[in-house]
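Trainee: What follows is the file run15.pdb, containing PDB, C-alpha atoms, pLDDT in the B column:
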```pdb
ATOM      1  CA  MET A   1     115.111  93.137  62.550  1.00 81.00           C
ATOM      2  CA  SER A   2     116.079  91.159  59.471  1.00 89.00           C
ATOM      3  CA  VAL A   3     115.088  87.938  61.213  1.00 91.00           C
ATOM      4  CA  LEU A   4     112.046  89.102  63.149  1.00 90.00           C
ATOM      5  CA  PHE A   5     110.040  90.868  60.476  1.00 93.00           C
ATOM      6  CA  MET A   6     108.885  88.858  57.495  1.00 93.00           C
ATOM      7  CA  ASN A   7     107.292  90.073  54.292  1.00 90.00           C
ATOM      8  CA  ALA A   8     103.755  89.376  55.447  1.00 89.00           C
ATOM      9  CA  GLY A   9     102.309  91.877  52.988  1.00 82.00           C
ATOM     10  CA  ASN A  10     103.178  92.476  49.360  1.00 79.00           C
ATOM     11  CA  MET A  11     104.673  89.014  48.833  1.00 83.00           C
ATOM     12  CA  SER A  12     102.625  86.826  51.171  1.00 88.00           C
ATOM     13  CA  LEU A  13      99.147  88.222  50.569  1.00 88.00           C
ATOM     14  CA  PRO A  14      98.912  87.452  46.822  1.00 87.00           C
ATOM     15  CA  ILE A  15     100.327  83.962  47.416  1.00 90.00           C
ATOM     16  CA  VAL A  16      97.843  83.281  50.206  1.00 92.00           C
ATOM     17  CA  LYS A  17      94.923  84.522  48.115  1.00 90.00           C
ATOM     18  CA  LEU A  18      95.964  82.352  45.190  1.00 90.00           C
ATOM     19  CA  ALA A  19      96.470  79.248  47.322  1.00 94.00           C
ATOM     20  CA  PHE A  20      93.718  79.578  49.931  1.00 95.00           C
ATOM     21  CA  GLY A  21      91.179  82.051  48.546  1.00 93.00           C
ATOM     22  CA  ASP A  22      89.414  84.906  50.305  1.00 91.00           C
ATOM     23  CA  ALA A  23      89.029  82.996  53.574  1.00 94.00           C
ATOM     24  CA  GLY A  24      92.786  82.567  53.751  1.00 94.00           C
ATOM     25  CA  LEU A  25      93.364  86.180  52.756  1.00 90.00           C
ATOM     26  CA  ASP A  26      91.179  87.399  55.629  1.00 89.00           C
ATOM     27  CA  ARG A  27      93.382  85.548  58.098  1.00 92.00           C
ATOM     28  CA  ALA A  28      96.549  86.749  56.398  1.00 92.00           C
ATOM     29  CA  LEU A  29      95.424  90.379  56.581  1.00 87.00           C
ATOM     30  CA  VAL A  30      94.934  90.161  60.338  1.00 87.00           C
ATOM     31  CA  PHE A  31      98.440  88.742  60.750  1.00 92.00           C
ATOM     32  CA  PHE A  32      99.816  91.411  58.414  1.00 89.00           C
ATOM     33  CA  ALA A  33      98.240  94.141  60.546  1.00 82.00           C
ATOM     34  CA  LEU A  34      99.814  92.639  63.667  1.00 87.00           C
ATOM     35  CA  ILE A  35     103.234  92.526  62.001  1.00 90.00           C
ATOM     36  CA  ALA A  36     102.813  96.124  60.807  1.00 85.00           C
ATOM     37  CA  LEU A  37     102.060  97.164  64.377  1.00 85.00           C
ATOM     38  CA  LEU A  38     105.120  95.320  65.675  1.00 89.00           C
ATOM     39  CA  VAL A  39     107.327  96.886  63.006  1.00 89.00           C
ATOM     40  CA  ALA A  40     106.036 100.365  63.819  1.00 86.00           C
ATOM     41  CA  THR A  41     106.722  99.926  67.523  1.00 89.00           C
ATOM     42  CA  PHE A  42     109.253  97.251  68.413  1.00 90.00           C
ATOM     43  CA  GLY A  43     110.968  97.426  65.016  1.00 88.00           C
ATOM     44  CA  VAL A  44     111.402 101.193  65.157  1.00 90.00           C
ATOM     45  CA  TYR A  45     112.682 100.928  68.717  1.00 89.00           C
ATOM     46  CA  ILE A  46     115.292  98.311  67.749  1.00 88.00           C
ATOM     47  CA  ALA A  47     116.452 100.340  64.747  1.00 87.00           C
ATOM     48  CA  ALA A  48     116.669 103.592  66.693  1.00 87.00           C
ATOM     49  CA  ARG A  49     118.246 102.016  69.778  1.00 83.00           C
ATOM     50  CA  GLY A  50     121.406 101.213  67.850  1.00 73.00           C
ATOM     51  CA  ASN A  51     122.375 104.883  67.613  1.00 74.00           C
ATOM     52  CA  GLN A  52     120.169 106.625  70.172  1.00 76.00           C
ATOM     53  CA  GLY A  53     119.329 106.454  73.835  1.00 73.00           C
ATOM     54  CA  GLY A  54     116.283 104.758  75.283  1.00 75.00           C
ATOM     55  CA  MET A  55     114.130 107.887  75.538  1.00 82.00           C
ATOM     56  CA  ALA A  56     115.021 109.039  72.030  1.00 81.00           C
ATOM     57  CA  SER A  57     114.121 105.588  70.708  1.00 84.00           C
ATOM     58  CA  LEU A  58     110.754 105.677  72.469  1.00 84.00           C
ATOM     59  CA  LYS A  59     110.140 109.130  71.010  1.00 85.00           C
ATOM     60  CA  ALA A  60     110.886 107.740  67.546  1.00 83.00           C
ATOM     61  CA  VAL A  61     108.229 105.088  68.140  1.00 82.00           C
ATOM     62  CA  ALA A  62     105.707 107.659  69.346  1.00 83.00           C
ATOM     63  CA  VAL A  63     105.885 109.691  66.129  1.00 82.00           C
ATOM     64  CA  GLN A  64     105.311 106.729  63.798  1.00 79.00           C
ATOM     65  CA  PRO A  65     101.829 107.108  62.254  1.00 80.00           C
ATOM     66  CA  ILE A  66     101.682 103.465  61.183  1.00 74.00           C
ATOM     67  CA  ALA A  67     101.436 102.381  64.827  1.00 75.00           C
ATOM     68  CA  TYR A  68      98.235 104.350  65.298  1.00 82.00           C
ATOM     69  CA  ALA A  69      96.877 103.295  61.905  1.00 78.00           C
ATOM     70  CA  ALA A  70      97.535  99.601  62.579  1.00 72.00           C
ATOM     71  CA  THR A  71      95.951  99.825  66.030  1.00 78.00           C
ATOM     72  CA  ALA A  72      92.869 101.526  64.601  1.00 82.00           C
ATOM     73  CA  GLY A  73      92.654  98.972  61.795  1.00 77.00           C
ATOM     74  CA  LEU A  74      92.849  96.040  64.193  1.00 75.00           C
ATOM     75  CA  ALA A  75      90.210  97.600  66.433  1.00 84.00           C
ATOM     76  CA  LEU A  76      87.844  98.133  63.497  1.00 82.00           C
ATOM     77  CA  ASN A  77      88.424  94.555  62.364  1.00 77.00           C
ATOM     78  CA  VAL A  78      87.772  93.076  65.803  1.00 81.00           C
ATOM     79  CA  LEU A  79      84.664  95.209  66.280  1.00 85.00           C
ATOM     80  CA  ASP A  80      83.509  94.423  62.715  1.00 83.00           C
ATOM     81  CA  VAL A  81      83.016  98.100  61.897  1.00 83.00           C
ATOM     82  CA  SER A  82      82.437  99.050  58.253  1.00 82.00           C
ATOM     83  CA  LEU A  83      83.845 102.379  57.131  1.00 79.00           C
ATOM     84  CA  PRO A  84      81.761 104.690  54.929  1.00 85.00           C
ATOM     85  CA  GLU A  85      82.697 104.760  51.253  1.00 85.00           C
ATOM     86  CA  LEU A  86      83.879 108.364  51.581  1.00 86.00           C
ATOM     87  CA  VAL A  87      86.596 107.216  53.993  1.00 82.00           C
ATOM     88  CA  LEU A  88      87.220 103.772  52.536  1.00 80.00           C
ATOM     89  CA  ARG A  89      88.050 104.762  48.954  1.00 86.00           C
ATOM     90  CA  PRO A  90      90.895 107.224  49.642  1.00 86.00           C
ATOM     91  CA  THR A  91      92.231 104.892  52.332  1.00 79.00           C
ATOM     92  CA  GLU A  92      92.375 102.034  49.833  1.00 80.00           C
ATOM     93  CA  LEU A  93      94.162 104.244  47.308  1.00 84.00           C
ATOM     94  CA  LEU A  94      96.807 105.165  49.869  1.00 80.00           C
ATOM     95  CA  ALA A  95      97.153 101.533  50.933  1.00 73.00           C
ATOM     96  CA  ASN A  96      97.652 100.435  47.326  1.00 77.00           C
ATOM     97  CA  ALA A  97     100.483 102.956  46.981  1.00 78.00           C
ATOM     98  CA  ALA A  98     102.370 101.597  49.998  1.00 70.00           C
ATOM     99  CA  PHE A  99     103.737  98.433  48.389  1.00 67.00           C
ATOM    100  CA  PRO A 100     105.041 100.110  45.203  1.00 77.00           C
ATOM    101  CA  ALA A 101     106.642 102.791  47.376  1.00 75.00           C
ATOM    102  CA  MET A 102     108.506 100.154  49.391  1.00 64.00           C
ATOM    103  CA  LEU A 103     109.652  98.454  46.197  1.00 67.00           C
ATOM    104  CA  LEU A 104     110.976 101.800  44.974  1.00 76.00           C
ATOM    105  CA  VAL A 105     112.942 102.090  48.213  1.00 66.00           C
ATOM    106  CA  LEU A 106     114.358  98.611  47.630  1.00 62.00           C
ATOM    107  CA  GLY A 107     115.245  99.469  44.039  1.00 69.00           C
ATOM    108  CA  GLY A 108     116.876 102.730  45.065  1.00 70.00           C
ATOM    109  CA  THR A 109     118.958 100.916  47.646  1.00 63.00           C
ATOM    110  CA  LEU A 110     119.986  98.233  45.170  1.00 64.00           C
ATOM    111  CA  VAL A 111     121.275 100.873  42.748  1.00 68.00           C
ATOM    112  CA  GLY A 112     124.070 101.658  45.159  1.00 64.00           C
ATOM    113  CA  LEU A 113     124.616  98.034  46.170  1.00 66.00           C
ATOM    114  CA  ARG A 114     127.547  96.700  44.192  1.00 66.00           C
ATOM    115  CA  THR A 115     128.073  93.655  46.377  1.00 74.00           C
ATOM    116  CA  ILE A 116     126.472  91.908  49.325  1.00 78.00           C
ATOM    117  CA  HIS A 117     128.141  93.095  52.507  1.00 75.00           C
ATOM    118  CA  GLU A 118     128.692  90.969  55.615  1.00 86.00           C
ATOM    119  CA  TRP A 119     128.003  87.668  53.874  1.00 89.00           C
ATOM    120  CA  LYS A 120     128.278  85.663  57.078  1.00 92.00           C
ATOM    121  CA  MET A 121     125.636  87.730  58.859  1.00 93.00           C
ATOM    122  CA  VAL A 122     123.441  87.780  55.762  1.00 93.00           C
ATOM    123  CA  THR A 123     123.632  83.982  55.494  1.00 94.00           C
ATOM    124  CA  VAL A 124     122.809  83.422  59.161  1.00 95.00           C
ATOM    125  CA  ALA A 125     119.961  85.941  59.125  1.00 95.00           C
ATOM    126  CA  THR A 126     118.512  84.433  55.938  1.00 95.00           C
ATOM    127  CA  ALA A 127     118.609  80.909  57.361  1.00 95.00           C
ATOM    128  CA  LEU A 128     116.953  82.055  60.572  1.00 95.00           C
ATOM    129  CA  ARG A 129     114.287  84.032  58.725  1.00 95.00           C
ATOM    130  CA  LEU A 130     113.323  81.365  56.200  1.00 94.00           C
ATOM    131  CA  TRP A 131     113.867  77.942  57.673  1.00 94.00           C
ATOM    132  CA  VAL A 132     114.134  78.386  61.424  1.00 94.00           C
ATOM    133  CA  GLY A 133     111.185  80.777  61.268  1.00 90.00           C
ATOM    134  CA  MET A 134     109.123  78.178  59.441  1.00 93.00           C
ATOM    135  CA  GLY A 135     110.061  75.489  61.962  1.00 93.00           C
ATOM    136  CA  ILE A 136     109.214  77.649  64.951  1.00 93.00           C
ATOM    137  CA  GLY A 137     105.973  78.693  63.296  1.00 91.00           C
ATOM    138  CA  PHE A 138     104.985  75.076  62.689  1.00 93.00           C
ATOM    139  CA  LEU A 139     105.673  74.047  66.292  1.00 95.00           C
ATOM    140  CA  LEU A 140     103.891  77.076  67.713  1.00 93.00           C
ATOM    141  CA  LEU A 141     100.817  76.597  65.527  1.00 92.00           C
ATOM    142  CA  LYS A 142     100.703  72.909  66.400  1.00 90.00           C
ATOM    143  CA  PHE A 143     100.861  73.789  70.088  1.00 93.00           C
ATOM    144  CA  LEU A 144      98.083  76.380  69.724  1.00 91.00           C
ATOM    145  CA  GLY A 145      95.866  73.904  67.890  1.00 91.00           C
ATOM    146  CA  VAL A 146      94.558  76.343  65.273  1.00 93.00           C
ATOM    147  CA  ASP A 147      92.369  75.160  62.407  1.00 94.00           C
ATOM    148  CA  GLU A 148      93.990  73.823  59.244  1.00 94.00           C
ATOM    149  CA  LEU A 149      93.377  76.882  57.068  1.00 95.00           C
ATOM    150  CA  THR A 150      94.767  79.289  59.658  1.00 95.00           C
ATOM    151  CA  ARG A 151      97.777  77.032  60.164  1.00 95.00           C
ATOM    152  CA  ASN A 152      98.514  76.872  56.449  1.00 95.00           C
ATOM    153  CA  VAL A 153      98.160  80.615  55.955  1.00 96.00           C
ATOM    154  CA  LEU A 154     100.380  81.492  58.899  1.00 95.00           C
ATOM    155  CA  LEU A 155     102.983  78.923  57.862  1.00 95.00           C
ATOM    156  CA  VAL A 156     103.255  80.589  54.468  1.00 95.00           C
ATOM    157  CA  GLN A 157     103.664  83.979  56.103  1.00 94.00           C
ATOM    158  CA  ALA A 158     106.163  82.630  58.642  1.00 93.00           C
ATOM    159  CA  SER A 159     108.244  81.317  55.732  1.00 94.00           C
ATOM    160  CA  ALA A 160     108.304  84.642  53.898  1.00 94.00           C
ATOM    161  CA  PRO A 161     111.558  86.557  53.340  1.00 92.00           C
ATOM    162  CA  THR A 162     112.642  89.632  55.248  1.00 93.00           C
ATOM    163  CA  ALA A 163     110.299  92.583  54.779  1.00 90.00           C
ATOM    164  CA  VAL A 164     111.338  95.539  52.632  1.00 85.00           C
ATOM    165  CA  ILE A 165     110.337  97.862  55.486  1.00 87.00           C
ATOM    166  CA  VAL A 166     113.455  96.629  57.308  1.00 90.00           C
ATOM    167  CA  ILE A 167     115.557  98.458  54.713  1.00 87.00           C
ATOM    168  CA  VAL A 168     113.502 101.604  55.254  1.00 85.00           C
ATOM    169  CA  LEU A 169     114.056 101.512  59.016  1.00 89.00           C
ATOM    170  CA  ALA A 170     117.719 100.555  58.714  1.00 88.00           C
ATOM    171  CA  THR A 171     118.288 103.449  56.311  1.00 85.00           C
ATOM    172  CA  GLU A 172     116.326 105.965  58.376  1.00 85.00           C
ATOM    173  CA  PHE A 173     118.176 105.148  61.594  1.00 87.00           C
ATOM    174  CA  ASN A 174     121.513 104.182  60.000  1.00 86.00           C
ATOM    175  CA  ALA A 175     121.254 100.661  61.405  1.00 86.00           C
ATOM    176  CA  ARG A 176     123.488  98.768  58.953  1.00 86.00           C
ATOM    177  CA  PRO A 177     121.316  99.359  55.870  1.00 85.00           C
ATOM    178  CA  ALA A 178     123.709  97.526  53.530  1.00 85.00           C
ATOM    179  CA  MET A 179     123.406  94.326  55.540  1.00 89.00           C
ATOM    180  CA  ALA A 180     119.635  94.706  55.791  1.00 89.00           C
ATOM    181  CA  THR A 181     119.430  95.105  52.025  1.00 87.00           C
ATOM    182  CA  GLY A 182     121.554  92.004  51.540  1.00 90.00           C
ATOM    183  CA  VAL A 183     119.266  89.940  53.749  1.00 92.00           C
ATOM    184  CA  VAL A 184     116.158  91.176  51.929  1.00 90.00           C
ATOM    185  CA  VAL A 185     117.643  90.344  48.531  1.00 88.00           C
ATOM    186  CA  VAL A 186     119.078  86.934  49.446  1.00 91.00           C
ATOM    187  CA  SER A 187     116.069  85.798  51.485  1.00 92.00           C
ATOM    188  CA  THR A 188     113.687  86.888  48.722  1.00 88.00           C
ATOM    189  CA  ILE A 189     115.588  84.836  46.147  1.00 89.00           C
ATOM    190  CA  LEU A 190     115.935  81.763  48.363  1.00 94.00           C
ATOM    191  CA  CYS A 191     112.331  81.830  49.557  1.00 92.00           C
ATOM    192  CA  MET A 192     111.072  80.952  46.088  1.00 92.00           C
ATOM    193  CA  PRO A 193     111.963  77.236  46.170  1.00 95.00           C
ATOM    194  CA  THR A 194     111.069  77.070  49.870  1.00 93.00           C
ATOM    195  CA  LEU A 195     107.593  78.512  49.374  1.00 94.00           C
ATOM    196  CA  THR A 196     107.046  76.410  46.259  1.00 94.00           C
ATOM    197  CA  ILE A 197     107.726  73.198  48.167  1.00 95.00           C
ATOM    198  CA  LEU A 198     105.718  74.362  51.181  1.00 95.00           C
ATOM    199  CA  LEU A 199     102.687  75.259  49.064  1.00 95.00           C
ATOM    200  CA  ALA A 200     102.891  71.927  47.258  1.00 94.00           C
ATOM    201  CA  VAL A 201     102.784  70.140  50.616  1.00 94.00           C
ATOM    202  CA  LEU A 202     100.016  72.298  52.093  1.00 93.00           C
ATOM    203  CA  THR A 203      97.747  72.183  49.056  1.00 91.00           C
ATOM    204  CA  GLY A 204      98.610  68.692  47.847  1.00 78.00           C
TER
END
```
So that I can check it, write out the structure of this file as structure tokens.

Mentor:
Amino acid sequence: MSVLFMNAGNMSLPIVKLAFGDAGLDRALVFFALIALLVATFGVYIAARGNQGGMASLKAVAVQPIAYAATAGLALNVLDVSLPELVLRPTELLANAAFPAMLLVLGGTLVGLRTIHEWKMVTVATALRLWVGMGIGFLLLKFLGVDELTRNVLLVQASAPTAVIVIVLATEFNARPAMATGVVVVSTILCMPTLTILLAVLTG
């Protein structure tokens, strides 16, 4: 999980908006919704599978509301459906609370983290998430032949650190939460020079 799921939301979205404007943000939001859907399905299954059987893991996926919300959001986006203000406003308020809530989870986990556990695994996972992920993303986007703006946006998101939601899932299903926290912390710190250089190249 620490390698597969990048922080495509609360870290990537502001960076993309700053670097590529609203057009870039629109593309980033679609990718973020796809990642959220994957986390709520495949990510939950992986986390639960470590301590539960196959059927119990599938049941854990089935009760995740984010899977249904992400699917509905993607469908509305594809169909270009505009929600009425009565629905949109409270939805936006709840959405705005999601990122601070995840940061609180990270902070709460860090309180009990006196040292980084499993340094070898944390190092490997961080390298895979940041640099191998960026390389694979570049090759895949080149193969797909997407336009320049889409390529740049997705490269930034592919180079993002491990998502905070990984800690939430690891804690909920007792799937090595200390290691997951270590990867989130280390990858977040190390992504700063990586993203700085990448943005300089993409916008230069």

Trainee: At a cut-off of 12 Å, using all atoms listed in the file, what residues contact Leu140 (chain A)? Leave out same-chain residues fewer than 4 positions from it and give the result as a ChimeraX atom specification.

Mentor: /A:133-136,144-146,151,154-155,158

Trainee: Which of these residues is nearest to Asn174 (chain A), using all atoms listed in the file: A:Val16, A:Ile35, A:Val153, A:Ala48?

Mentor: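 The closest residue to Asn174 (chain A) is A:Ala48.
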
Trainee: Please expand the PyMOL selection byres ((chain A and resi 32) around 9) into the concrete residues it hits in this file, giving the result as a ChimeraX atom specification.

Mentor: /A:7-9,13,27-31,33-37,157

Trainee: For region 51-64 of chain A, work out the shell of residues within 8 Å, counting only C-alpha atoms and skipping chain neighbours fewer than 6 positions away, then give it as a PyMOL selection string.

Mentor: chain A and resi 40-42+44-45+173-175

Trainee: Which of these, A:Val201, A:Leu130, A:Ala72, A:Met1, has the shortest distance to Ser187 (chain A) once you count all atoms listed in the file?

Mentor: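 The answer is A:Leu130, which sits nearest to Ser187 (chain A).
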
Trainee: CA of Val124 (chain A) and CA of Met179 (chain A), how far apart in Å?

Mentor: 11.5 Å

Trainee: Can you list what the PyMOL selection byres ((chain A and resi 2) around 12) grabs from this structure, as a PyMOL selection string?

Mentor: chain A and resi 1+3-7+39+43+46-47+121-130+133+160-170+175-188
